[in-house]
>>> print(open('query_9.cif').read())   # mmCIF, C-alpha atoms
data_model
#
loop_
_atom_site.label_atom_id
_atom_site.label_comp_id
_atom_site.auth_asym_id
_atom_site.auth_seq_id
_atom_site.Cartn_x
_atom_site.Cartn_y
_atom_site.Cartn_z
CA MET A 1 -25.60 13.09 -23.86
CA ASP A 2 -27.15 15.97 -21.94
CA THR A 3 -26.03 19.18 -23.63
CA ASP A 4 -25.82 21.17 -20.34
CA LEU A 5 -22.16 20.37 -19.93
CA PRO A 6 -21.24 23.58 -18.06
CA GLY A 7 -24.09 22.93 -15.63
CA ALA A 8 -22.88 19.38 -15.00
CA TYR A 9 -19.35 20.57 -14.30
CA ALA A 10 -20.70 23.27 -11.99
CA ARG A 11 -22.70 20.65 -10.07
CA CYS A 12 -19.59 18.50 -9.64
CA GLN A 13 -17.58 21.50 -8.47
CA GLU A 14 -20.21 22.35 -5.88
CA LEU A 15 -20.16 18.79 -4.52
CA HIS A 16 -16.38 18.98 -4.31
CA ARG A 17 -16.36 22.39 -2.64
CA ARG A 18 -18.99 21.38 -0.09
CA HIS A 19 -17.79 17.90 0.84
CA GLY A 20 -14.09 17.63 -0.03
CA ARG A 21 -12.54 20.68 1.60
CA THR A 22 -9.00 19.32 1.88
CA TYR A 23 -8.86 17.99 -1.67
CA TYR A 24 -10.73 21.02 -3.02
CA LEU A 25 -8.08 23.35 -1.62
CA ALA A 26 -5.34 21.29 -3.25
CA THR A 27 -7.22 21.30 -6.55
CA ARG A 28 -7.15 25.11 -6.57
CA LEU A 29 -3.42 24.83 -7.25
CA LEU A 30 -4.02 23.14 -10.61
CA PRO A 31 -4.25 25.06 -13.89
CA ALA A 32 -7.83 26.25 -14.35
CA TRP A 33 -8.48 24.01 -17.35
CA LYS A 34 -7.67 20.88 -15.33
CA ARG A 35 -9.74 21.71 -12.29
CA ARG A 36 -13.14 20.97 -13.77
CA HIS A 37 -12.03 17.46 -14.74
CA VAL A 38 -10.90 16.75 -11.18
CA HIS A 39 -14.24 18.13 -9.94
CA ALA A 40 -16.00 15.75 -12.34
CA LEU A 41 -14.24 12.68 -10.92
CA TYR A 42 -14.91 13.85 -7.39
CA GLY A 43 -18.58 14.41 -8.25
CA PHE A 44 -18.85 10.91 -9.68
CA THR A 45 -17.35 9.23 -6.64
CA ARG A 46 -19.20 11.44 -4.16
CA HIS A 47 -22.61 10.88 -5.71
CA ALA A 48 -22.16 7.12 -5.71
CA ASP A 49 -20.99 7.25 -2.11
CA ASP A 50 -24.02 9.36 -1.16
CA ILE A 51 -26.39 6.81 -2.69
CA VAL A 52 -24.84 4.21 -0.39
CA ASP A 53 -24.30 6.24 2.78
CA ARG A 54 -27.05 8.89 2.81
CA THR A 55 -29.98 6.60 2.16
CA GLY A 56 -29.65 4.50 5.31
CA ASP A 57 -33.33 4.95 6.14
CA LEU A 58 -34.30 3.05 3.00
CA PRO A 59 -34.55 -0.75 2.76
CA PRO A 60 -31.30 -2.37 1.51
CA ALA A 61 -32.98 -3.57 -1.66
CA GLU A 62 -34.08 -0.04 -2.58
CA ARG A 63 -30.60 1.38 -1.91
CA ALA A 64 -29.10 -1.33 -4.11
CA ALA A 65 -31.65 -0.59 -6.83
CA ARG A 66 -30.80 3.13 -6.77
CA LEU A 67 -27.09 2.44 -7.08
CA GLN A 68 -27.69 -0.07 -9.88
CA ASP A 69 -29.95 2.35 -11.75
CA TRP A 70 -27.37 5.12 -11.59
CA SER A 71 -24.59 2.73 -12.56
CA ASN A 72 -26.62 1.52 -15.54
CA ARG A 73 -27.18 5.10 -16.72
CA PHE A 74 -23.46 5.78 -16.44
CA LEU A 75 -22.53 2.60 -18.35
CA ALA A 76 -25.12 3.43 -21.01
CA GLY A 77 -23.56 6.85 -21.37
CA LEU A 78 -20.15 5.23 -21.90
CA HIS A 79 -21.70 3.47 -24.89
CA GLY A 80 -22.95 6.74 -26.34
CA GLU A 81 -26.55 6.63 -25.20
CA PRO A 82 -28.26 9.88 -24.08
CA VAL A 83 -27.93 10.57 -20.36
CA ASP A 84 -30.49 12.43 -18.27
CA ASP A 85 -28.51 13.26 -15.16
CA PRO A 86 -27.29 16.48 -13.48
CA LEU A 87 -23.61 15.47 -13.28
CA LEU A 88 -22.89 12.41 -15.47
CA PRO A 89 -22.36 14.49 -18.66
CA ALA A 90 -19.29 16.08 -17.02
CA VAL A 91 -17.95 12.68 -15.98
CA LEU A 92 -18.46 11.18 -19.42
CA HIS A 93 -16.86 14.20 -21.07
CA THR A 94 -13.81 13.94 -18.82
CA ILE A 95 -13.47 10.24 -19.58
CA ALA A 96 -13.60 10.98 -23.29
CA VAL A 97 -11.14 13.90 -23.16
CA PHE A 98 -8.46 11.88 -21.34
CA ASP A 99 -9.42 8.42 -22.61
CA LEU A 100 -9.63 7.20 -19.03
CA ASP A 101 -9.64 3.47 -18.38
CA ARG A 102 -13.29 2.40 -18.13
CA ALA A 103 -12.26 -0.56 -15.98
CA ASP A 104 -11.36 1.81 -13.13
CA PHE A 105 -14.94 3.08 -13.03
CA VAL A 106 -16.40 -0.42 -13.08
CA SER A 107 -14.06 -1.39 -10.24
CA PHE A 108 -15.13 1.67 -8.25
CA LEU A 109 -18.84 0.89 -8.66
CA ARG A 110 -18.19 -2.70 -7.56
CA SER A 111 -16.70 -1.44 -4.30
CA MET A 112 -19.62 0.91 -3.74
CA ALA A 113 -21.98 -2.04 -4.13
CA MET A 114 -19.94 -3.93 -1.51
CA ASP A 115 -20.76 -1.19 1.01
CA LEU A 116 -24.41 -2.18 0.78
CA THR A 117 -23.77 -5.70 2.11
CA VAL A 118 -20.28 -5.92 3.64
CA VAL A 119 -20.00 -4.53 7.17
CA ALA A 120 -16.55 -5.82 8.18
CA TYR A 121 -13.35 -7.19 6.65
CA PRO A 122 -11.64 -10.25 8.15
CA THR A 123 -8.12 -9.41 6.94
CA TYR A 124 -6.16 -6.51 5.53
CA ASP A 125 -5.96 -8.33 2.19
CA ALA A 126 -9.77 -8.37 2.12
CA LEU A 127 -9.84 -4.64 2.84
CA LEU A 128 -7.27 -4.04 0.10
CA ASP A 129 -9.57 -5.85 -2.33
CA TYR A 130 -12.31 -3.35 -1.46
CA MET A 131 -9.91 -0.40 -1.66
CA GLU A 132 -8.67 -1.55 -5.05
CA GLY A 133 -11.89 -0.11 -6.44
CA SER A 134 -12.70 2.57 -3.90
CA ALA A 135 -9.19 4.06 -3.64
CA ALA A 136 -6.51 2.70 -5.98
CA ALA A 137 -8.78 3.06 -9.01
CA ILE A 138 -9.31 6.74 -8.18
CA GLY A 139 -5.55 7.23 -8.14
CA THR A 140 -5.21 5.76 -11.60
CA MET A 141 -8.26 7.70 -12.87
CA MET A 142 -6.53 10.91 -11.81
CA LEU A 143 -3.13 10.16 -13.31
CA PRO A 144 -3.90 11.07 -16.96
CA ILE A 145 -5.43 14.38 -15.84
CA LEU A 146 -2.45 15.26 -13.68
CA ASP A 147 -0.03 14.05 -16.39
CA SER A 148 3.26 12.36 -15.69
CA SER A 149 6.66 12.14 -17.34
CA ASP A 150 6.47 8.34 -17.03
CA PRO A 151 2.89 7.07 -16.60
CA ASP A 152 3.94 3.43 -16.35
CA ILE A 153 6.24 4.07 -13.40
CA ALA A 154 3.84 6.59 -11.83
CA ARG A 155 0.90 4.18 -11.87
CA GLU A 156 1.83 2.20 -8.74
CA PRO A 157 2.57 5.31 -6.64
CA ALA A 158 -0.81 6.69 -7.76
CA ARG A 159 -2.49 3.51 -6.53
CA GLN A 160 -0.59 3.72 -3.24
CA LEU A 161 -1.66 7.33 -2.76
CA GLY A 162 -5.28 6.22 -3.14
CA PHE A 163 -4.74 3.57 -0.47
CA ALA A 164 -3.02 6.10 1.82
CA PHE A 165 -5.81 8.67 1.55
CA GLN A 166 -8.60 6.19 2.11
CA LEU A 167 -6.93 4.40 5.00
CA THR A 168 -6.42 7.82 6.60
CA ASN A 169 -10.16 8.44 6.29
CA PHE A 170 -10.98 5.02 7.74
CA ILE A 171 -8.76 5.66 10.77
CA ARG A 172 -10.19 9.13 11.36
CA ASP A 173 -13.81 8.08 10.82
CA VAL A 174 -14.06 4.94 12.97
CA ALA A 175 -16.89 6.45 15.02
CA GLU A 176 -18.79 7.68 11.96
CA ASP A 177 -18.54 4.30 10.24
CA LEU A 178 -19.71 2.50 13.38
CA GLY A 179 -22.79 4.69 13.19
CA ARG A 180 -23.43 3.23 9.73
CA GLY A 181 -22.95 -0.30 11.03
CA ARG A 182 -19.55 -0.77 9.42
CA THR A 183 -16.01 -1.41 10.61
CA TYR A 184 -13.17 -0.91 8.13
CA LEU A 185 -10.43 -1.83 10.59
CA PRO A 186 -9.71 -5.50 9.79
CA ASP A 187 -10.99 -8.11 12.22
CA GLU A 188 -7.52 -9.66 12.45
CA ASP A 189 -6.14 -6.31 13.65
CA LEU A 190 -8.84 -5.98 16.30
CA ALA A 191 -8.00 -9.49 17.52
CA LYS A 192 -4.27 -8.66 17.55
CA PHE A 193 -4.92 -5.89 20.07
CA GLU A 194 -7.73 -7.73 21.92
CA VAL A 195 -10.33 -5.19 20.82
CA THR A 196 -13.89 -6.20 20.02
CA ARG A 197 -16.59 -4.42 18.07
CA ALA A 198 -18.41 -4.00 21.39
CA ASP A 199 -15.32 -2.23 22.74
CA LEU A 200 -15.42 0.21 19.82
CA LEU A 201 -19.12 0.89 20.35
CA ALA A 202 -18.53 1.49 24.05
CA ALA A 203 -15.70 3.91 23.27
CA LYS A 204 -17.96 5.74 20.82
CA ALA A 205 -20.65 6.06 23.49
CA ALA A 206 -18.12 7.24 26.09
CA GLY A 207 -16.36 9.66 23.74
CA ARG A 208 -12.91 8.29 24.55
CA SER A 209 -10.72 5.30 23.72
CA THR A 210 -9.22 2.60 25.88
CA GLY A 211 -5.51 1.94 25.86
CA ARG A 212 -5.96 -1.11 23.63
CA ILE A 213 -7.95 0.87 21.09
CA ARG A 214 -5.28 3.59 21.04
CA ASP A 215 -2.64 0.93 20.40
CA LEU A 216 -4.77 -0.43 17.55
CA ILE A 217 -5.10 3.02 16.00
CA GLU A 218 -1.38 3.66 16.30
CA TYR A 219 -0.78 0.40 14.44
CA GLU A 220 -3.16 1.44 11.66
CA VAL A 221 -1.47 4.86 11.41
CA THR A 222 1.87 3.10 10.86
CA ARG A 223 0.26 0.99 8.14
CA ALA A 224 -1.09 4.10 6.42
CA GLN A 225 2.34 5.73 6.61
CA ALA A 226 3.79 2.84 4.63
CA HIS A 227 1.37 3.63 1.80
CA TYR A 228 2.37 7.31 1.90
CA GLU A 229 6.00 6.26 1.69
CA ALA A 230 5.28 4.06 -1.33
CA ALA A 231 3.37 6.92 -2.98
CA ALA A 232 6.05 9.58 -2.50
CA PRO A 233 8.25 8.70 -5.52
CA GLY A 234 5.35 9.36 -7.88
CA ILE A 235 4.96 13.04 -6.98
CA PRO A 236 8.14 14.30 -8.72
CA LEU A 237 7.12 12.33 -11.81
CA LEU A 238 4.09 14.58 -12.23
CA THR A 239 4.30 17.52 -14.61
CA PRO A 240 5.24 20.77 -12.83
CA ALA A 241 1.74 22.22 -13.23
CA SER A 242 0.25 19.36 -11.20
CA ARG A 243 2.95 18.82 -8.62
CA ALA A 244 1.93 21.50 -6.10
CA CYS A 245 -1.63 20.16 -6.02
CA ILE A 246 -0.58 16.64 -5.11
CA ARG A 247 2.15 17.80 -2.73
CA THR A 248 -0.56 19.75 -0.90
CA ALA A 249 -3.06 16.90 -0.84
CA TYR A 250 -0.32 14.52 0.30
CA ALA A 251 0.69 16.80 3.18
CA LEU A 252 -2.85 17.68 4.24
CA TYR A 253 -4.21 14.13 4.27
CA GLY A 254 -1.03 12.99 5.99
CA GLY A 255 -1.53 15.82 8.45
CA ILE A 256 -4.66 14.07 9.66
CA LEU A 257 -2.39 11.28 10.92
CA ASP A 258 -0.34 13.87 12.79
CA GLU A 259 -3.49 15.24 14.39
CA ILE A 260 -4.55 11.73 15.43
CA ALA A 261 -1.14 11.21 17.03
CA ARG A 262 -1.39 14.57 18.82
CA GLN A 263 -4.62 13.50 20.47
CA GLY A 264 -2.99 10.31 21.71
CA TYR A 265 -4.43 8.10 18.96
CA ASP A 266 -7.89 8.61 20.44
CA VAL A 267 -10.23 8.86 17.45
CA PHE A 268 -13.31 8.99 19.67
CA VAL A 269 -12.48 12.10 21.67
CA ARG A 270 -12.92 14.27 18.56
CA ARG A 271 -12.70 14.03 14.79
CA ALA A 272 -9.13 14.82 13.79
CA LEU A 273 -8.95 17.88 11.54
CA VAL A 274 -6.03 19.86 10.16
CA PRO A 275 -6.54 23.51 11.28
CA ARG A 276 -7.42 25.95 8.50
CA ARG A 277 -4.32 28.08 9.05
CA ARG A 278 -2.12 25.04 8.66
CA ARG A 279 -3.96 23.99 5.50
CA LEU A 280 -3.25 27.37 3.92
CA THR A 281 0.38 27.28 5.04
CA VAL A 282 0.84 23.85 3.51
CA ALA A 283 -0.65 24.99 0.20
CA ALA A 284 1.64 28.05 0.10
CA ARG A 285 4.68 25.93 0.90
CA ALA A 286 3.83 23.49 -1.90
CA LEU A 287 3.74 26.35 -4.40
CA LEU A 288 7.14 27.59 -3.26
CA THR A 289 8.90 24.21 -3.04
CA PRO A 290 11.63 24.05 -5.71
CA ALA A 291 12.04 21.14 -8.09
CA GLY A 292 13.89 18.33 -6.38
CA GLY A 293 12.70 19.36 -2.92
CA PRO A 294 12.21 16.52 -0.43
CA ILE A 295 8.85 14.87 0.14
CA VAL A 296 8.27 14.31 3.84
CA VAL A 297 6.35 11.17 4.72
CA PRO A 298 3.67 12.21 7.24
CA GLY A 299 3.33 10.87 10.73
CA PRO A 300 5.16 10.87 14.03
CA ASP A 301 7.54 7.99 13.30
CA LEU A 302 8.30 8.23 9.59
CA THR A 303 8.91 11.99 9.29
CA ARG A 304 11.97 11.66 7.13
CA PRO A 305 12.54 13.15 3.68
CA VAL A 306 12.27 10.99 0.59
CA GLN A 307 14.84 12.54 -1.73
CA SER A 308 13.41 13.08 -5.19
CA ASP A 309 16.20 14.85 -7.07
CA LEU A 310 17.02 11.89 -9.31
CA LEU A 311 13.35 11.50 -10.24
CA GLU A 312 12.82 15.06 -11.43
CA GLU A 313 12.32 15.79 -15.08
#
>>> encode(input="query_9.cif", output="structure tokens")
Amino acid sequence: MDTDLPGAYARCQELHRRHGRTYYLATRLLPAWKRRHVHALYGFTRHADDIVDRTGDLPPAERAARLQDWSNRFLAGLHGEPVDDPLLPAVLHTIAVFDLDRADFVSFLRSMAMDLTVVAYPTYDALLDYMEGSAAAIGTMMLPILDSSDPDIAREPARQLGFAFQLTNFIRDVAEDLGRGRTYLPDEDLAKFEVTRADLLAAKAAGRSTGRIRDLIEYEVTRAQAHYEAAAPGIPLLTPASRACIRTAYALYGGILDEIARQGYDVFVRRALVPRRRRLTVAARALLTPAGGPIVVPGPDLTRPVQSDLLEE
């Protein structure tokens, strides 16, 4: 393995700081010794995603070859072979320190490979199959680092939180994904609201949504809220040192849904962002929330507290 471990961790942190502002802010609430491991996982997922999404000018075969080459180097490193890479040493070290499940990483790389060939998903079950690797696996990768009083019970909420975060991104980034030739909103949902791919492209060009598209987005927001609700019971199971971080990430990602609702479910008029002042307020509130405090499911229709007192340590 490359011996420049501090440099690899620093590279992962820089990727996280530059590209994952919401999650990076939440990570600052973790104990210092845990942060670099979260940065390492973010760096791993971000670099793979960049190979897929930031090489669109290359032929598909070359993009696939680059992803496969990087995946092979990672898998070789898992088997103890030397790794010549600017960030993989940090990832491999984190996996070793926490004995992370290697299957989660294989599942993640499988989903990244799907992005090279799959441009739409016929059903929500098909999308969930993709998100099993791209989202749920990240939730379960994170769980040993965050630490939980009952990892077996916390596992499913961790998976659900991965689904919630990624579906939030898909809803917010419809226009951006269309620019890459992809649609993550299931075809069956588009048909349900009589929306076509051509309608989405026209809305992107016009910079505003039709009523049918807004209804579709509202439906997807409700679906995402259900994942947040399923994830909520896992937060009080985390150790106290990790709880504020995930409370903050939960509220900030969920806040994107609130912003989408505030703009009338029009994801084409602008990219929904949680204002910086609100992000800082949410982080401060998470630090001050006492044990047993309620977890509020985000969104305009499910803003009710999920009582967690009985789940506290």
>>> closest_residue(input="query_9.cif", among="A:Leu161, A:Ala103, A:Cys245, A:Leu146", to="A:Gln225", atoms="all atoms listed in the file")
A:Leu161
>>> closest_residue(input="query_9.cif", among="A:Arg270, A:His47, A:Arg172, A:Arg36", to="A:Leu185", atoms="all atoms listed in the file")
A:Arg172
>>> resolve_selection(input="query_9.cif", expression="the PyMOL selection byres ((chain A and resi 112-125) around 6)", output="list in words")
Leu109, Arg110, Ser111, Ala126, Leu127, Leu128, Arg182, Thr183, Tyr184, Pro186, Asp187 and Glu188 of chain A
>>> resolve_selection(input="query_9.cif", expression="the PyMOL selection byres ((chain A and resi 276) around 12)", output="list in words")
Arg21, Thr22, Leu25, Leu252, Gly255, Leu273, Val274, Pro275, Arg277, Arg278, Arg279, Leu280, Thr281, Val282 and Ala283 of chain A
>>> closest_residue(input="query_9.cif", among="A:Ala8, A:His39, A:Phe108, A:Ala251", to="A:Gly20", atoms="all atoms listed in the file")
A:His39
>>> closest_residue(input="query_9.cif", among="A:Ala137, A:Ile95, A:Leu257, A:Val106", to="A:Arg223", atoms="all atoms listed in the file")
A:Leu257
>>> residues_around(input="query_9.cif", residues="A:Leu143", least_positions_apart="6", cutoff="10 Å", atoms="all atoms listed in the file", output="NGL selection string")
:A and (98 or 100 or 151 or 154-155 or 158-159 or 238)
>>> residues_near_point(input="query_9.cif", point="(-8.0, 6.0, -9.6)", cutoff="9 Å", atoms="all atoms listed in the file", output="PyMOL selection string")
chain A and resi 104-105+108+132-143+158-159+162
>>> resolve_selection(input="query_9.cif", expression="the PyMOL selection byres ((chain A and resi 46) around 12)", output="PyMOL selection string")
chain A and resi 11-20+39-45+47-54+87-88+91+108-109+112+134+138
>>> build_atoms(input="query_9.cif", residues="stretch 220-231 of chain A", atoms="all heavy atoms", output="short mmCIF file (atom, residue, chain, number, x, y, z; two decimals), in the frame of the given file")
data_model
loop_
_atom_site.label_atom_id
_atom_site.label_comp_id
_atom_site.auth_asym_id
_atom_site.auth_seq_id
_atom_site.Cartn_x
_atom_site.Cartn_y
_atom_site.Cartn_z
N GLU A 220 -2.58 1.13 12.96
CA GLU A 220 -3.16 1.44 11.66
C GLU A 220 -2.53 2.70 11.06
O GLU A 220 -2.36 2.80 9.84
CB GLU A 220 -4.68 1.63 11.80
CG GLU A 220 -5.43 0.41 12.33
CD GLU A 220 -5.32 -0.83 11.46
OE1 GLU A 220 -4.82 -0.74 10.31
OE2 GLU A 220 -5.72 -1.91 11.93
N VAL A 221 -2.16 3.66 11.91
CA VAL A 221 -1.47 4.86 11.41
C VAL A 221 -0.14 4.47 10.77
O VAL A 221 0.21 4.96 9.70
CB VAL A 221 -1.26 5.88 12.56
CG1 VAL A 221 -0.24 6.95 12.16
CG2 VAL A 221 -2.59 6.53 12.94
N THR A 222 0.60 3.57 11.42
CA THR A 222 1.87 3.10 10.86
C THR A 222 1.65 2.42 9.51
O THR A 222 2.43 2.60 8.58
CB THR A 222 2.56 2.14 11.84
OG1 THR A 222 2.77 2.80 13.08
CG2 THR A 222 3.89 1.67 11.29
N ARG A 223 0.58 1.66 9.41
CA ARG A 223 0.26 0.99 8.14
C ARG A 223 -0.04 2.02 7.06
O ARG A 223 0.42 1.89 5.92
CB ARG A 223 -0.93 0.06 8.36
CG ARG A 223 -1.45 -0.59 7.09
CD ARG A 223 -2.54 -1.59 7.44
NE ARG A 223 -1.97 -2.91 7.65
CZ ARG A 223 -2.58 -3.89 8.30
NH1 ARG A 223 -3.76 -3.68 8.86
NH2 ARG A 223 -2.01 -5.08 8.41
N ALA A 224 -0.79 3.06 7.40
CA ALA A 224 -1.09 4.10 6.42
C ALA A 224 0.18 4.82 5.99
O ALA A 224 0.36 5.15 4.81
CB ALA A 224 -2.09 5.10 7.01
N GLN A 225 1.09 5.06 6.94
CA GLN A 225 2.34 5.73 6.61
C GLN A 225 3.14 4.96 5.56
O GLN A 225 3.80 5.57 4.71
CB GLN A 225 3.18 5.91 7.87
CG GLN A 225 2.65 6.95 8.83
CD GLN A 225 3.43 6.95 10.13
OE1 GLN A 225 3.20 6.10 10.99
NE2 GLN A 225 4.34 7.88 10.26
N ALA A 226 3.07 3.65 5.62
CA ALA A 226 3.79 2.84 4.63
C ALA A 226 3.25 3.09 3.23
O ALA A 226 4.01 3.10 2.25
CB ALA A 226 3.67 1.36 5.00
N HIS A 227 1.95 3.30 3.11
CA HIS A 227 1.37 3.63 1.80
C HIS A 227 1.81 5.02 1.34
O HIS A 227 2.10 5.22 0.15
CB HIS A 227 -0.15 3.55 1.86
CG HIS A 227 -0.69 2.15 1.96
ND1 HIS A 227 -0.50 1.21 0.96
CD2 HIS A 227 -1.40 1.53 2.95
CE1 HIS A 227 -1.08 0.07 1.31
NE2 HIS A 227 -1.63 0.24 2.50
N TYR A 228 1.86 5.99 2.27
CA TYR A 228 2.37 7.31 1.90
C TYR A 228 3.82 7.22 1.41
O TYR A 228 4.21 7.88 0.44
CB TYR A 228 2.29 8.27 3.10
CG TYR A 228 0.93 8.84 3.35
CD1 TYR A 228 0.11 8.32 4.35
CD2 TYR A 228 0.45 9.91 2.61
CE1 TYR A 228 -1.15 8.85 4.60
CE2 TYR A 228 -0.80 10.45 2.86
CZ TYR A 228 -1.60 9.92 3.84
OH TYR A 228 -2.86 10.45 4.08
N GLU A 229 4.60 6.41 2.08
CA GLU A 229 6.00 6.26 1.69
C GLU A 229 6.11 5.65 0.29
O GLU A 229 6.93 6.09 -0.53
CB GLU A 229 6.74 5.38 2.70
CG GLU A 229 8.25 5.35 2.49
CD GLU A 229 8.99 4.73 3.66
OE1 GLU A 229 8.41 3.84 4.32
OE2 GLU A 229 10.13 5.14 3.89
N ALA A 230 5.26 4.67 0.00
CA ALA A 230 5.28 4.06 -1.33
C ALA A 230 4.77 5.01 -2.41
O ALA A 230 5.13 4.87 -3.58
CB ALA A 230 4.42 2.78 -1.31
N ALA A 231 3.92 5.96 -2.02
CA ALA A 231 3.37 6.92 -2.98
C ALA A 231 4.32 8.06 -3.29
O ALA A 231 4.25 8.66 -4.38
CB ALA A 231 2.05 7.50 -2.45
#
